[in-house]
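Content type TSV, C-alpha atoms, from the file run02.tsv:
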```tsv
chain	number	residue	atom	x	y	z
A	1	MET	CA	122.13	20.92	-134.03
A	2	PRO	CA	124.47	19.36	-136.62
A	3	GLN	CA	125.33	15.74	-135.97
A	4	THR	CA	127.87	13.53	-137.69
A	5	SER	CA	127.62	9.91	-138.65
A	6	ASN	CA	129.66	7.47	-140.68
A	7	ASN	CA	127.61	8.47	-143.74
A	8	GLN	CA	127.17	12.18	-143.19
A	9	GLN	CA	129.62	14.49	-141.48
A	10	ALA	CA	128.94	18.12	-140.65
A	11	MET	CA	131.14	20.45	-142.65
A	12	VAL	CA	134.06	22.11	-140.84
A	13	SER	CA	135.33	25.39	-142.27
A	14	ILE	CA	139.08	25.86	-141.78
A	15	ILE	CA	140.22	29.44	-142.34
A	16	VAL	CA	143.92	30.03	-143.08
A	17	PRO	CA	145.25	33.58	-143.54
A	18	VAL	CA	148.64	33.57	-145.31
A	19	TYR	CA	151.32	36.25	-145.42
A	20	ASN	CA	154.98	35.65	-146.36
A	21	VAL	CA	155.39	32.22	-144.76
A	22	GLU	CA	156.87	30.31	-147.71
A	23	ARG	CA	159.24	28.41	-145.42
A	24	TYR	CA	156.47	26.85	-143.34
A	25	LEU	CA	153.33	27.01	-145.47
A	26	ARG	CA	153.46	23.60	-147.16
A	27	ALA	CA	153.74	21.79	-143.82
A	28	CYS	CA	150.74	23.72	-142.53
A	29	LEU	CA	148.54	23.07	-145.55
A	30	GLN	CA	149.56	19.41	-145.82
A	31	SER	CA	148.49	18.91	-142.20
A	32	ILE	CA	145.08	20.37	-143.08
A	33	VAL	CA	144.31	18.49	-146.31
A	34	GLY	CA	145.57	15.30	-144.62
A	35	GLN	CA	143.01	15.41	-141.81
A	36	THR	CA	141.26	12.13	-141.00
A	37	TYR	CA	138.00	14.11	-140.94
A	38	LYS	CA	137.15	14.61	-144.60
A	39	ASN	CA	134.18	16.98	-144.85
A	40	LEU	CA	136.22	20.17	-144.85
A	41	GLU	CA	135.90	23.57	-146.44
A	42	ILE	CA	139.46	24.90	-146.51
A	43	ILE	CA	139.62	28.65	-147.18
A	44	ILE	CA	143.18	29.84	-147.82
A	45	LEU	CA	143.54	33.62	-148.06
A	46	ASN	CA	146.80	34.96	-149.46
A	47	ASP	CA	146.99	38.43	-147.91
A	48	GLY	CA	149.25	40.11	-150.46
A	49	SER	CA	152.33	37.97	-149.85
A	50	THR	CA	155.50	39.15	-151.58
A	51	ASP	CA	157.32	35.79	-151.40
A	52	SER	CA	156.29	32.48	-153.00
A	53	SER	CA	153.43	31.87	-150.54
A	54	GLY	CA	150.81	32.62	-153.21
A	55	LYS	CA	152.21	29.95	-155.55
A	56	ILE	CA	152.29	27.43	-152.70
A	57	CYS	CA	148.63	28.18	-151.95
A	58	ASP	CA	147.77	27.47	-155.59
A	59	GLU	CA	149.48	24.07	-155.39
A	60	PHE	CA	146.70	22.96	-153.04
A	61	SER	CA	143.84	24.32	-155.16
A	62	THR	CA	143.48	21.00	-157.00
A	63	ASP	CA	141.81	19.62	-153.85
A	64	PRO	CA	138.09	20.31	-154.41
A	65	ARG	CA	137.69	21.24	-150.73
A	66	VAL	CA	140.20	24.09	-151.06
A	67	LYS	CA	139.30	27.66	-151.99
A	68	VAL	CA	142.27	29.98	-152.57
A	69	VAL	CA	141.76	33.73	-152.47
A	70	HIS	CA	144.50	36.17	-153.53
A	71	LYS	CA	143.94	39.66	-152.18
A	72	GLY	CA	145.74	42.88	-151.36
A	73	ASN	CA	147.38	43.11	-147.98
A	74	ALA	CA	144.82	44.07	-145.33
A	75	GLY	CA	146.22	42.46	-142.19
A	76	LEU	CA	145.37	39.38	-140.17
A	77	SER	CA	142.09	40.61	-138.67
A	78	ALA	CA	140.52	41.72	-141.94
A	79	THR	CA	141.64	38.50	-143.61
A	80	ARG	CA	140.19	36.30	-140.88
A	81	ASN	CA	136.94	38.27	-141.00
A	82	LEU	CA	136.73	37.79	-144.77
A	83	GLY	CA	137.41	34.08	-144.44
A	84	PHE	CA	134.64	33.70	-141.89
A	85	ALA	CA	132.21	35.68	-144.08
A	86	MET	CA	132.99	33.30	-146.97
A	87	SER	CA	132.66	30.14	-144.90
A	88	LYS	CA	129.55	27.96	-144.80
A	89	GLY	CA	130.30	25.20	-142.31
A	90	PRO	CA	128.41	24.96	-139.00
A	91	TYR	CA	131.78	24.39	-137.32
A	92	VAL	CA	134.73	26.77	-137.75
A	93	ILE	CA	138.42	26.72	-136.88
A	94	PHE	CA	141.09	29.36	-137.61
A	95	ILE	CA	144.64	28.09	-138.29
A	96	ASP	CA	147.86	30.13	-138.46
A	97	SER	CA	149.81	29.41	-141.63
A	98	ASP	CA	153.17	28.84	-139.94
A	99	ASP	CA	151.78	26.18	-137.57
A	100	TRP	CA	150.44	22.68	-138.12
A	101	MET	CA	147.73	20.31	-136.90
A	102	GLU	CA	147.79	16.72	-135.75
A	103	ALA	CA	146.16	14.54	-138.41
A	104	ASN	CA	143.17	13.72	-136.19
A	105	MET	CA	142.66	17.20	-134.75
A	106	VAL	CA	139.38	17.99	-136.49
A	107	GLU	CA	137.98	14.49	-135.99
A	108	VAL	CA	138.67	14.47	-132.25
A	109	MET	CA	137.28	17.96	-131.75
A	110	VAL	CA	134.11	17.38	-133.79
A	111	ASN	CA	133.43	14.09	-132.01
A	112	THR	CA	133.88	15.83	-128.66
A	113	MET	CA	131.61	18.71	-129.69
A	114	GLU	CA	128.82	16.41	-130.75
A	115	GLU	CA	129.14	13.97	-127.86
A	116	THR	CA	129.03	16.76	-125.28
A	117	ASP	CA	126.78	19.24	-127.15
A	118	ALA	CA	129.50	21.88	-126.71
A	119	ASP	CA	129.69	25.22	-128.48
A	120	ILE	CA	133.50	25.47	-128.19
A	121	VAL	CA	136.07	22.68	-127.85
A	122	ILE	CA	139.60	23.53	-126.68
A	123	SER	CA	142.65	21.26	-126.99
A	124	ARG	CA	146.13	21.18	-125.57
A	125	TYR	CA	148.98	22.28	-127.84
A	126	VAL	CA	152.76	22.23	-128.21
A	127	GLU	CA	154.98	25.30	-128.52
A	128	GLU	CA	157.59	24.45	-131.14
A	129	TYR	CA	161.06	25.99	-130.79
A	130	THR	CA	164.13	25.22	-132.88
A	131	ASN	CA	165.71	23.28	-130.03
A	132	LYS	CA	162.81	22.22	-127.80
A	133	LYS	CA	159.13	21.42	-127.58
A	134	ARG	CA	156.97	22.65	-124.73
A	135	GLU	CA	153.55	21.17	-124.15
A	136	ARG	CA	151.02	23.74	-123.08
A	137	ALA	CA	147.50	23.66	-121.70
A	138	ASP	CA	145.02	26.05	-120.26
A	139	ARG	CA	144.93	26.24	-116.47
A	140	LEU	CA	141.87	24.07	-115.98
A	141	ALA	CA	140.89	20.43	-115.75
A	142	SER	CA	139.51	18.57	-118.73
A	143	GLY	CA	135.74	18.53	-118.92
A	144	ALA	CA	132.72	20.74	-119.58
A	145	TYR	CA	132.20	24.31	-118.35
A	146	GLU	CA	128.77	25.89	-118.59
A	147	GLY	CA	126.87	29.14	-118.11
A	148	LYS	CA	129.08	32.09	-117.19
A	149	GLU	CA	132.00	29.85	-116.27
A	150	PRO	CA	133.66	29.73	-119.74
A	151	VAL	CA	133.80	33.52	-120.12
A	152	ARG	CA	134.96	33.94	-116.53
A	153	LEU	CA	137.84	31.51	-117.17
A	154	CYS	CA	138.72	33.38	-120.38
A	155	LEU	CA	138.69	36.77	-118.64
A	156	GLU	CA	141.03	35.31	-116.01
A	157	ASP	CA	143.31	33.93	-118.77
A	158	ARG	CA	142.83	30.41	-117.44
A	159	ILE	CA	141.58	29.72	-120.97
A	160	ASN	CA	143.91	31.40	-123.44
A	161	SER	CA	142.54	33.70	-126.13
A	162	CYS	CA	144.30	32.11	-129.10
A	163	VAL	CA	141.87	30.98	-131.80
A	164	TRP	CA	143.85	28.12	-133.30
A	165	ASN	CA	143.31	25.44	-130.62
A	166	LYS	CA	139.54	25.92	-130.61
A	167	LEU	CA	136.71	24.52	-132.70
A	168	CYS	CA	133.60	26.73	-132.56
A	169	ARG	CA	130.02	26.53	-133.65
A	170	ARG	CA	129.64	29.43	-136.03
A	171	GLU	CA	126.78	31.00	-134.05
A	172	VAL	CA	129.11	31.82	-131.12
A	173	ILE	CA	131.46	33.81	-133.37
A	174	VAL	CA	129.55	36.99	-132.55
A	175	LYS	CA	132.43	39.48	-132.55
A	176	GLU	CA	134.76	40.25	-135.46
A	177	PHE	CA	138.50	40.69	-135.12
A	178	PRO	CA	139.44	44.39	-134.76
A	179	ILE	CA	140.98	45.89	-137.90
A	180	ASN	CA	144.51	47.31	-137.93
A	181	ARG	CA	145.34	46.10	-134.44
A	182	LYS	CA	147.53	43.33	-133.07
A	183	TYR	CA	146.48	41.03	-130.22
A	184	GLU	CA	143.25	40.63	-132.14
A	185	ASP	CA	142.49	37.26	-130.50
A	186	HIS	CA	142.66	38.78	-127.02
A	187	ALA	CA	140.15	41.45	-128.07
A	188	THR	CA	137.72	38.96	-129.57
A	189	VAL	CA	137.61	35.42	-128.20
A	190	TYR	CA	136.21	36.35	-124.76
A	191	ALA	CA	132.99	37.42	-126.54
A	192	TRP	CA	132.72	33.99	-128.17
A	193	PHE	CA	132.92	32.35	-124.76
A	194	ALA	CA	130.27	34.74	-123.47
A	195	ALA	CA	127.98	33.55	-126.28
A	196	ALA	CA	128.67	29.85	-125.61
A	197	ARG	CA	126.36	27.67	-123.53
A	198	ARG	CA	129.05	25.07	-122.91
A	199	ALA	CA	132.80	24.86	-123.55
A	200	VAL	CA	134.75	21.62	-123.28
A	201	PHE	CA	138.48	21.30	-122.64
A	202	ILE	CA	140.19	18.06	-123.73
A	203	ASN	CA	143.63	16.74	-122.83
A	204	ASP	CA	144.57	15.71	-126.37
A	205	VAL	CA	147.59	17.56	-127.79
A	206	LEU	CA	146.36	18.49	-131.25
A	207	TYR	CA	148.10	21.69	-132.39
A	208	HIS	CA	151.70	22.77	-132.97
A	209	TYR	CA	152.38	26.47	-132.40
A	210	ARG	CA	155.64	27.55	-134.05
A	211	GLN	CA	157.58	30.17	-132.07
A	212	ARG	CA	159.07	32.73	-134.46
A	213	ALA	CA	161.30	35.70	-133.76
A	214	SER	CA	158.99	37.84	-135.90
A	215	GLY	CA	155.98	37.02	-133.71
A	216	ILE	CA	154.38	39.93	-131.87
A	217	ILE	CA	155.11	38.48	-128.43
A	218	TYR	CA	158.83	38.78	-129.22
A	219	SER	CA	158.67	42.29	-130.68
A	220	LYS	CA	160.55	44.60	-128.32
A	221	ASP	CA	160.90	47.79	-130.33
A	222	LYS	CA	157.31	48.84	-131.00
A	223	PRO	CA	155.32	50.27	-128.07
A	224	GLN	CA	152.30	50.46	-130.39
A	225	LEU	CA	152.14	46.64	-130.37
A	226	ALA	CA	152.15	46.61	-126.58
A	227	TYR	CA	149.50	49.32	-126.55
A	228	ASP	CA	147.31	47.23	-128.85
A	229	CYS	CA	147.46	44.52	-126.21
A	230	PHE	CA	146.37	47.06	-123.62
A	231	LEU	CA	143.44	48.17	-125.81
A	232	ALA	CA	142.27	44.56	-125.93
A	233	GLU	CA	142.53	44.36	-122.15
A	234	LEU	CA	140.58	47.61	-121.83
A	235	GLU	CA	137.76	46.14	-123.93
A	236	ARG	CA	137.73	43.05	-121.74
A	237	TYR	CA	137.66	45.27	-118.64
A	238	ASN	CA	134.64	47.19	-119.94
A	239	PHE	CA	132.86	43.93	-120.74
A	240	ALA	CA	133.65	42.57	-117.28
A	241	MET	CA	132.39	45.68	-115.53
A	242	ASN	CA	129.09	45.51	-117.42
A	243	ASN	CA	128.49	41.78	-117.00
A	244	GLY	CA	129.04	40.98	-113.34
A	245	PHE	CA	132.80	40.33	-113.37
A	246	GLU	CA	133.95	43.60	-111.78
A	247	GLU	CA	136.62	42.10	-109.52
A	248	ILE	CA	138.15	40.06	-112.35
A	249	GLY	CA	138.07	43.00	-114.76
A	250	THR	CA	139.82	45.37	-112.37
A	251	ARG	CA	142.45	42.84	-111.32
A	252	GLU	CA	143.27	41.78	-114.88
A	253	LEU	CA	143.42	45.35	-116.20
A	254	LEU	CA	145.99	46.31	-113.56
A	255	LYS	CA	147.98	43.11	-113.97
A	256	ARG	CA	148.09	43.33	-117.75
A	257	GLY	CA	148.71	47.07	-117.67
A	258	LYS	CA	151.76	46.56	-115.45
A	259	LYS	CA	153.21	43.95	-117.82
A	260	ILE	CA	152.57	46.11	-120.86
A	261	LEU	CA	154.24	49.11	-119.24
A	262	LYS	CA	157.28	46.92	-118.67
A	263	ARG	CA	157.39	45.99	-122.36
A	264	ILE	CA	157.11	49.63	-123.36
A	265	VAL	CA	159.91	50.76	-121.04
A	266	LYS	CA	162.21	47.92	-122.14
A	267	SER	CA	161.65	48.63	-125.83
A	268	ALA	CA	164.31	50.24	-128.02
A	269	SER	CA	161.99	53.13	-128.90
A	270	PRO	CA	162.70	56.81	-128.19
A	271	PHE	CA	162.15	58.04	-124.64
A	272	THR	CA	159.37	60.42	-125.72
A	273	GLU	CA	157.44	57.59	-127.37
A	274	LYS	CA	157.69	55.48	-124.23
A	275	VAL	CA	156.38	58.39	-122.15
A	276	HIS	CA	153.53	58.95	-124.62
A	277	TYR	CA	152.20	55.40	-124.36
A	278	SER	CA	152.81	55.18	-120.62
A	279	THR	CA	150.76	58.35	-120.17
A	280	ARG	CA	147.89	56.94	-122.24
A	281	ILE	CA	147.86	53.72	-120.23
A	282	LYS	CA	147.93	55.66	-116.96
A	283	GLU	CA	144.92	57.70	-118.03
A	284	GLU	CA	142.94	54.68	-119.21
A	285	MET	CA	143.65	52.69	-116.04
A	286	GLU	CA	142.26	55.53	-113.90
A	287	PRO	CA	138.95	53.74	-113.15
A	288	ALA	CA	140.89	50.85	-111.58
A	289	ARG	CA	143.35	53.00	-109.67
A	290	THR	CA	141.73	52.57	-106.27
A	291	ALA	CA	142.19	48.79	-106.48
A	292	ILE	CA	146.00	49.00	-106.66
A	293	LYS	CA	146.26	48.78	-102.88
A	294	THR	CA	144.40	45.47	-102.74
A	295	THR	CA	145.73	43.80	-105.91
A	296	MET	CA	149.48	44.57	-105.88
A	297	ASP	CA	152.40	44.00	-103.55
A	298	LEU	CA	154.31	46.93	-102.04
A	299	LYS	CA	156.98	47.08	-104.77
A	300	ASN	CA	154.43	47.32	-107.57
A	301	ARG	CA	152.26	49.76	-105.63
A	302	VAL	CA	155.25	52.09	-105.39
A	303	ARG	CA	155.91	51.74	-109.13
A	304	MET	CA	152.32	52.57	-109.98
A	305	ARG	CA	152.30	55.58	-107.66
A	306	VAL	CA	155.35	56.91	-109.50
A	307	LEU	CA	153.49	56.38	-112.79
A	308	TRP	CA	150.52	58.42	-111.60
A	309	HIS	CA	152.77	61.14	-110.25
A	310	SER	CA	154.86	61.44	-113.43
A	311	PRO	CA	154.95	59.04	-116.42
A	312	LYS	CA	158.24	60.66	-117.46
A	313	LEU	CA	159.82	59.87	-114.10
A	314	PHE	CA	158.33	56.35	-114.21
A	315	VAL	CA	159.90	55.60	-117.60
A	316	ALA	CA	163.26	57.06	-116.54
A	317	LEU	CA	163.49	55.13	-113.25
A	318	GLN	CA	162.21	51.86	-114.68
A	319	GLY	CA	164.56	52.19	-117.64
A	320	ILE	CA	167.54	52.52	-115.29
A	321	ALA	CA	166.36	49.54	-113.26
A	322	TYR	CA	165.95	47.28	-116.29
A	323	ALA	CA	169.33	48.40	-117.67
A	324	ILE	CA	171.26	47.31	-114.59
A	325	LEU	CA	169.37	44.08	-113.94
A	326	PRO	CA	171.13	40.94	-115.23
A	327	LYS	CA	169.75	39.71	-118.56
A	328	ARG	CA	168.13	36.30	-118.66
A	329	LYS	CA	169.66	33.76	-121.01
A	330	LYS	CA	167.28	32.50	-123.69
A	331	LYS	CA	166.33	28.87	-123.09
A	332	TYR	CA	164.59	28.29	-126.37
A	333	GLY	CA	165.58	28.92	-129.97
A	334	LEU	CA	163.13	30.80	-132.21
A	335	TYR	CA	162.33	30.17	-135.84
A	336	GLU	CA	162.89	33.01	-138.27
```
Encoded form (structure tokens):
Amino acid sequence: MPQTSNNQQAMVSIIVPVYNVERYLRACLQSIVGQTYKNLEIIILNDGSTDSSGKICDEFSTDPRVKVVHKGNAGLSATRNLGFAMSKGPYVIFIDSDDWMEANMVEVMVNTMEETDADIVISRYVEEYTNKKRERADRLASGAYEGKEPVRLCLEDRINSCVWNKLCRREVIVKEFPINRKYEDHATVYAWFAAARRAVFINDVLYHYRQRASGIIYSKDKPQLAYDCFLAELERYNFAMNNGFEEIGTRELLKRGKKILKRIVKSASPFTEKVHYSTRIKEEMEPARTAIKTTMDLKNRVRMRVLWHSPKLFVALQGIAYAILPKRKKKYGLYE
């Protein structure tokens, strides 16, 4: 396996999809070219930006480690897949172009990977708001996790499915990102953990995740986005049921399905569209229906029974309930 030394470092491929992020792009790219670890292959893919992002990408092309690709808009998944196909390094990391890295991120993660013979290294990160910072970590202790444990922790969401706080050996990247769907990380990263022999979580805070109002987790008017999240969960459920994680798969499908239904009902979309997606989710959760009694409290069991009786009635009643409940005040400011 690749080893580093003072004289010879293994190459790390950093893949950066870019789309209309002119306000934040320079800070992101400066944090990458300024890494203390120098043997980098930096692949910047301008995915048909209509602002000045393409010109900013070209500013960094004088660095011999940087490859800039300008292409027609194809979406995040297709762009990440292309970047990975172009990459050559034995170690790979995907970075979002509106975020930034600590200067020693790659060095710390590579050293950890080689010292522990890990296939995936995961770091802590900071959520960056306009008025606050919030340090985040996966719900597990620092250290090594082996065998089936890493994928189990991922399926339980104790390890998050975001790609950007993870350094991977390229051989564990066995599943591509799904094309033309959001929540592509959630539909993909669990398979990487399934292919890993060992994953290591470290306490170092190495990544800064900018919270933007345009991010998909803040989109409230598109049930299709929420449904994409459900499709990812359905894939994870099918994997779990076929690989000895039946209890986890059933529990997580119902839990995630309930949250996604809430997003759909609270969206600003037409009533008929809400009913359409609620009906689809009801039908696709049918295999897990018998577990509702053992995985949900009484209030949520009643809600789900209404859903199975009539998605139209479910959307109507839940819509009334959410309309009369007091609105929570936002604690954190979002970037544009």
- In Å, rounded to a single decimal, give me how far CA of Ala226 in chain A is from CA of Lys262 in chain A.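 Between CA of Lys262 in chain A and CA of Ala226 in chain A the gap is 9.4 Å.
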- Pick from A:Leu253, A:Leu298, A:Val92, A:Val108 nearest to Leu167 in chain A, counting only C-alpha atoms: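 Of the candidates, the smallest distance to Leu167 in chain A is held by A:Val92.
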- Who sits within 12 Å of Glu59 in chain A, all atoms listed in the file, same chain under 5 positions skipped, as a list in words: Leu25, Arg26, Leu29, Gln30, Val33, Ile44, Ser52, Ser53, Gly54, Val66, Lys67 and Val68 of chain A
- Message: Report, in Å to a single decimal, how far apart CA of Gly89 in chain A and CA of Thr112 in chain A are.
- Response: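 Computing it gives 16.9 Å between the two atoms.
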- In the coordinate frame of the file, compute which residues have an atom within 12 Å of (165.3, 28.0, -122.3) when using only C-alpha atoms, and state them as a VMD selection string. chain A and resid 129 to 134 328 to 334
- Query: Can you list, as number ranges by chain, every protein, DNA or RNA residue that comes within 8 Å of range 76-88 of chain A when you count only C-alpha atoms, leaving out same-chain residues fewer than 6 positions away?
  - Reply: A: 11, 13, 15-17, 41, 43-45, 47, 94, 176-181, 184
